[in-house]
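To start, the structure itself, in structure tokens.
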Amino acid sequence: MNIFKSIMILAAAFLVVFIEAAVSLPHRWLGAQIDVLPVLMVYAALNTDIVTVSLLAVLGGVWFDSLSANPLGISILPLFAVGFPMWWLRDLLLRELSFAQLVLGAGASAAVPVLAVLLLLTGGYEPLLGWGSLWQWIVMTAGGALATPIIFSLFDWFNHALGYQPVKESSFRPDREILRDKKSK
Amino acid sequence: MFRKKHYVAFGLVTLAAVLVLNLPAPAASRLKTGISAMFLPLFGLAGNIQQLPGKVIDDLTPRGQLVNEIDTLRQQNQELLVRQQQADALLEENNQLRDQLGWQRQQKWKLKLANVVLRDPANWWKTVQIDAGTRDGVHEGCPVLTSAGLVGKVSSAGLVRSQVVLLGDPNCRVSALVEDPQRDVGILSASGPLDNSLAELTYLSGTANLKSGQLVVSSGMGGVFPGGIPIGQVMDAWPVDFGLYTQARVKLSANLGALNQVWVVLQ
């Protein structure tokens with residue numbers, strides 16, 4: 001388990017939730033706020049272990065709900081429902097290609113709000129829904145899709161720049177050293 | 001096949017979600033306030049960043065323009081003081097008449113100015129967070145307004161921050177009165193998720209004859225919002241359910257998409 005990577009992802013989730021609540025420009029310009037938590041979940045599922053995926057679902061969900069009118073805990077299950085299958089199938093999913101990242105990000109960003117709204121409706125809550133919600137869903141999906149390759153590159157760069165890099169083993173072996181001197185000649 | 005670790009993770013996350021979702025309302029509210037308090041250090045940072053453009057503009061504004069602005073504000077202040085004296089005299093007269101009739105005296109509003117610090121990150125709610133809480137006398141249900149008109153009400157109050165549910169959210173219904181000769185009363189309810197400037201006025205009388213531009217104010221019924229607060233103007237109206245009642249679209253007076261400061265009525 002790469003603890004640095006896990007901490008980095010959780011810290012990013014904390015910041016992302018705050019920025020989504022503090023910056024209202026996407027909402028003013030596009031009519032919808034773009035959610036980056038599903039994108040972080042895609043990165044976590046493909047690059048870390050199940051503990052980080054679970055922690056991101058629980059903490060990210062709870063942080064998001066604490067700044068929203070959502071009932072506390074409603075966002076945990078949608079995030080985990082996206083992260084767990086991706087983590088399970090991580091060996092089969094492409095992760096290096098930008099287009100593959102884009103598709104995975106779009107899928108996650110589309111699924112999480114739909115699952116959250118379904119849970120809200122199941123729980124008897126009345127979220128604000130209408131034809132405009134379709135536009136908001138498209139914006140969230142497209143925004144999440146575009147953000148995914150950026151997040152992947154950013155995290156890879158951070159990990160490379162700040163994370164522990166194992167020292168490459170040298171090909172030099174003292175027991176195989178060829179000693180030459182005048183006597184041997 | 002699953003290994004044990006994955007079973008445990010799956011079970012723990014599901015259990016955590018179910019436990020948190022099934023907490024009693026007061027405990028969930030306290031927990032929510034506690035968790036959102038983790039963001040407190042970032043609030044100061046966000047506030048400073050938001051004030052930065054304003055400070056830069058202040059620094060670049062010529063001195064002459066600022067002096068002119070101060071003069072204008074002084075004049076306005078004098079005018080408002082005179083109007084307040086008039087209003088105080090009228091209130092006193094009103095209260096004396098109410099006493100004679102045996103009606104309850106009208107109280108002056110206690111107002112608290114608050115900054116809007118956060119917006120709901122979920123697209124399916126219309127709420128904002130303000131930097132005033134129970135420490136400032138704010139409590140659940142307090143009406144919130146701007147100089148333009150009604151904004152919403154406090155849905156939950158923490159020690160230093162509160163959540164305000166805005167007009168147009170399904171959880172903010174207001175009894176509203178149209179200032180027409182009939183004085184029709186309806187319920188202002190949720191609008192569409194995209195447009196912050198519109199709300200729907202429903203359950204108006206089937207005989208209501210609404211015209212575009214008529215003023216809509218709070219009716220004072222329901223016990224949450226005082227009467228007479230401007231809400232908006234009627235845009236259009238149409239009969240619903242074979243003329244059983246009338247529904248109207250209302251253009252809200254307050255700009256809910258760009259709220260910076262609001263007044264909380266502490267009552």
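Each chain in the structure tokens gets a letter, A, B and so on, in the order shown; residues start at 1 in every chain, and ligands are counted from 1 in the order they appear.
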Interface list for chain B, partner chain A, 6 Å threshold, only C-alpha atoms, as a PyMOL selection string: chain B and resi 17+20-21+32+36+118-121+124-125+192-194
Near-segment 250-267 of chain B list (7 Å; only C-alpha atoms; drop same-chain fewer than 2 positions) as a PyMOL selection string: (chain A and resi 28) or (chain B and resi 109-116+137-138+142-146+148-151+196-201+231-235+248)
Deliver the residues from the most recent selection as a file, using N, CA and C atoms, as a compact mmCIF listing (two decimals), in the first residue's frame.
# COMPACT_ATOMS: atom_id res chain seq x y z
N ARG A 28 -22.94 29.21 -12.40
CA ARG A 28 -23.47 30.42 -13.04
C ARG A 28 -23.40 30.32 -14.55
N TRP B 109 -38.18 44.33 13.60
CA TRP B 109 -37.29 43.22 13.26
C TRP B 109 -35.90 43.45 13.83
N LYS B 110 -35.32 42.35 14.32
CA LYS B 110 -33.90 42.42 14.67
C LYS B 110 -33.16 41.75 13.51
N LEU B 111 -32.26 42.48 12.91
CA LEU B 111 -31.59 41.96 11.72
C LEU B 111 -30.12 41.65 12.00
N LYS B 112 -29.61 40.64 11.32
CA LYS B 112 -28.19 40.30 11.42
C LYS B 112 -27.63 40.15 10.00
N LEU B 113 -26.62 40.94 9.71
CA LEU B 113 -26.00 40.85 8.38
C LEU B 113 -25.06 39.64 8.33
N ALA B 114 -25.13 38.88 7.26
CA ALA B 114 -24.27 37.69 7.14
C ALA B 114 -23.74 37.58 5.72
N ASN B 115 -22.53 37.03 5.62
CA ASN B 115 -21.93 36.79 4.29
C ASN B 115 -22.28 35.40 3.82
N VAL B 116 -22.53 35.28 2.53
CA VAL B 116 -22.74 33.94 1.94
C VAL B 116 -21.35 33.36 1.66
N GLY B 137 -27.44 34.52 17.37
CA GLY B 137 -28.89 34.56 17.58
C GLY B 137 -29.68 33.92 16.44
N VAL B 138 -28.99 33.37 15.46
CA VAL B 138 -29.69 32.74 14.33
C VAL B 138 -30.19 31.37 14.75
N CYS B 142 -35.46 31.05 10.75
CA CYS B 142 -35.35 32.52 10.61
C CYS B 142 -35.46 32.90 9.13
N PRO B 143 -36.30 33.88 8.79
CA PRO B 143 -36.36 34.33 7.40
C PRO B 143 -35.06 35.05 7.00
N VAL B 144 -34.70 34.91 5.74
CA VAL B 144 -33.48 35.54 5.23
C VAL B 144 -33.87 36.38 4.02
N LEU B 145 -33.36 37.62 3.96
CA LEU B 145 -33.73 38.50 2.86
C LEU B 145 -32.58 39.41 2.45
N THR B 146 -32.73 40.05 1.33
CA THR B 146 -31.81 41.12 0.92
C THR B 146 -32.65 42.39 0.77
N ALA B 148 -33.47 43.66 -1.83
CA ALA B 148 -34.36 43.49 -2.98
C ALA B 148 -35.61 42.68 -2.62
N GLY B 149 -35.47 41.73 -1.70
CA GLY B 149 -36.63 40.91 -1.35
C GLY B 149 -36.25 39.65 -0.61
N LEU B 150 -37.26 38.78 -0.46
CA LEU B 150 -37.08 37.55 0.31
C LEU B 150 -36.13 36.58 -0.41
N VAL B 151 -35.31 35.89 0.37
CA VAL B 151 -34.32 34.97 -0.18
C VAL B 151 -34.64 33.52 0.21
N ASN B 196 -32.54 30.21 -11.48
CA ASN B 196 -32.62 30.66 -10.09
C ASN B 196 -33.55 31.86 -9.92
N SER B 197 -33.94 32.47 -11.01
CA SER B 197 -34.69 33.72 -10.88
C SER B 197 -36.20 33.50 -10.91
N LEU B 198 -36.63 32.25 -11.10
CA LEU B 198 -38.07 31.98 -11.20
C LEU B 198 -38.55 31.03 -10.10
N ALA B 199 -39.79 31.19 -9.71
CA ALA B 199 -40.44 30.24 -8.80
C ALA B 199 -41.89 30.12 -9.22
N GLU B 200 -42.55 29.07 -8.77
CA GLU B 200 -43.94 28.87 -9.16
C GLU B 200 -44.88 29.15 -8.00
N LEU B 201 -45.93 29.90 -8.32
CA LEU B 201 -46.94 30.23 -7.32
C LEU B 201 -48.17 29.36 -7.62
N ILE B 231 -41.44 39.55 -2.76
CA ILE B 231 -40.92 38.27 -3.28
C ILE B 231 -40.58 38.41 -4.76
N GLY B 232 -41.47 39.01 -5.52
CA GLY B 232 -41.19 39.17 -6.95
C GLY B 232 -42.40 39.72 -7.68
N GLN B 233 -42.43 39.45 -8.98
CA GLN B 233 -43.52 39.94 -9.83
C GLN B 233 -44.08 38.78 -10.65
N VAL B 234 -45.38 38.83 -10.89
CA VAL B 234 -46.02 37.79 -11.70
C VAL B 234 -45.53 37.91 -13.14
N MET B 235 -45.13 36.78 -13.72
CA MET B 235 -44.72 36.79 -15.15
C MET B 235 -45.88 36.37 -16.04
N ALA B 248 -49.02 30.37 -11.34
CA ALA B 248 -48.33 31.50 -11.97
C ALA B 248 -46.82 31.34 -11.82
For Leu46 of chain A, the nearest of the candidates A:Val139, A:Ala110, A:Phe152, A:Leu120, counting only C-alpha atoms: A:Phe152
Which of A:Leu162, A:Ala145, A:Val42, A:Ile150 sits closest to Leu93 of chain A [using only C-alpha atoms]: A:Val42
Residue with smallest distance to Val18 of chain B - pool A:Leu119, A:Asp156, A:Leu25, A:Val167, counting only C-alpha atoms: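 Nearest to Val18 of chain B: A:Leu119.
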All alpha helix (DSSP H) residues (DSSP, backbone) inside segment 44-158 of chain B, as a ChimeraX atom specification: /B:44-60,63-101
Polymer residues at most 10 Å from Ser98 of chain A, only C-alpha atoms, same-chain spacing of 2 or more positions, as a list of chain:residue names: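 The residues that qualify are A:Leu94, A:Arg95, A:Glu96, A:Ala100, A:Gln101, A:Leu102, A:Val103, A:Leu104, A:Leu146, A:Thr148, A:Pro149, A:Ile150, A:Phe152, A:Ser153.
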Serialized selection, N, CA and C atoms, as a short mmCIF file (atom, residue, chain, number, x, y, z; two decimals), in the first residue's frame:
data_model
loop_
_atom_site.label_atom_id
_atom_site.label_comp_id
_atom_site.auth_asym_id
_atom_site.auth_seq_id
_atom_site.Cartn_x
_atom_site.Cartn_y
_atom_site.Cartn_z
N LEU A 94 -8.17 -0.43 -19.24
CA LEU A 94 -7.05 0.39 -19.72
C LEU A 94 -6.94 1.61 -18.83
N ARG A 95 -5.74 1.99 -18.52
CA ARG A 95 -5.61 3.18 -17.68
C ARG A 95 -4.57 4.16 -18.20
N GLU A 96 -3.78 3.72 -19.16
CA GLU A 96 -2.70 4.57 -19.66
C GLU A 96 -3.21 5.55 -20.72
N ALA A 100 -9.23 6.24 -22.80
CA ALA A 100 -9.81 5.27 -21.86
C ALA A 100 -10.14 5.95 -20.53
N GLN A 101 -9.23 6.82 -20.10
CA GLN A 101 -9.48 7.56 -18.84
C GLN A 101 -10.72 8.44 -18.99
N LEU A 102 -10.84 9.06 -20.16
CA LEU A 102 -11.99 9.94 -20.44
C LEU A 102 -13.30 9.15 -20.35
N VAL A 103 -13.31 7.96 -20.93
CA VAL A 103 -14.53 7.14 -20.94
C VAL A 103 -14.86 6.68 -19.51
N LEU A 104 -13.83 6.25 -18.78
CA LEU A 104 -14.08 5.81 -17.39
C LEU A 104 -14.60 6.97 -16.54
N LEU A 146 -13.81 15.23 -18.97
CA LEU A 146 -12.67 16.08 -19.33
C LEU A 146 -11.67 16.19 -18.19
N THR A 148 -10.90 13.88 -16.02
CA THR A 148 -10.21 12.64 -15.67
C THR A 148 -8.76 12.57 -16.18
N PRO A 149 -8.50 12.79 -17.48
CA PRO A 149 -7.09 12.73 -17.92
C PRO A 149 -6.23 13.77 -17.20
N ILE A 150 -6.83 14.94 -16.90
CA ILE A 150 -6.06 15.99 -16.21
C ILE A 150 -5.68 15.52 -14.80
N PHE A 152 -5.47 12.44 -13.74
CA PHE A 152 -4.50 11.33 -13.85
C PHE A 152 -3.08 11.89 -14.05
N SER A 153 -2.93 12.85 -14.98
CA SER A 153 -1.60 13.41 -15.24
C SER A 153 -1.07 14.14 -14.01
#
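The spacing separating atom CA of Asp236 of chain B from atom CA of Cys172 of chain B amounts to 21.4 Å.
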From A:Ile138, A:Arg180, A:Leu118, A:Leu154, residue lying nearest Ile9 of chain A [only C-alpha atoms]: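 Result for the nearest residue to Ile9 of chain A: A:Leu154.
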One-decimal distance in Å that lies between atom CA of Asp88 of chain B and atom CA of Ser218 of chain B: 22.0 Å
Those in segment 32-265 of chain B with strand (DSSP E or B) from DSSP, as a ChimeraX atom specification: /B:111-119,127-130,143-145,150-157,162-166,174-178,185-189,198-205,215-218,230-240,245-252,261-265
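The spacing separating atom CA of Glu179 of chain B from atom CA of Asn209 of chain B amounts to 11.2 Å.
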Selected residue, from B:Arg161, B:Arg98, B:Arg83, B:His139, that lies nearest to Val117 of chain B when counting only C-alpha atoms: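 Counting only C-alpha atoms, the residue closest to Val117 of chain B is B:Arg161.
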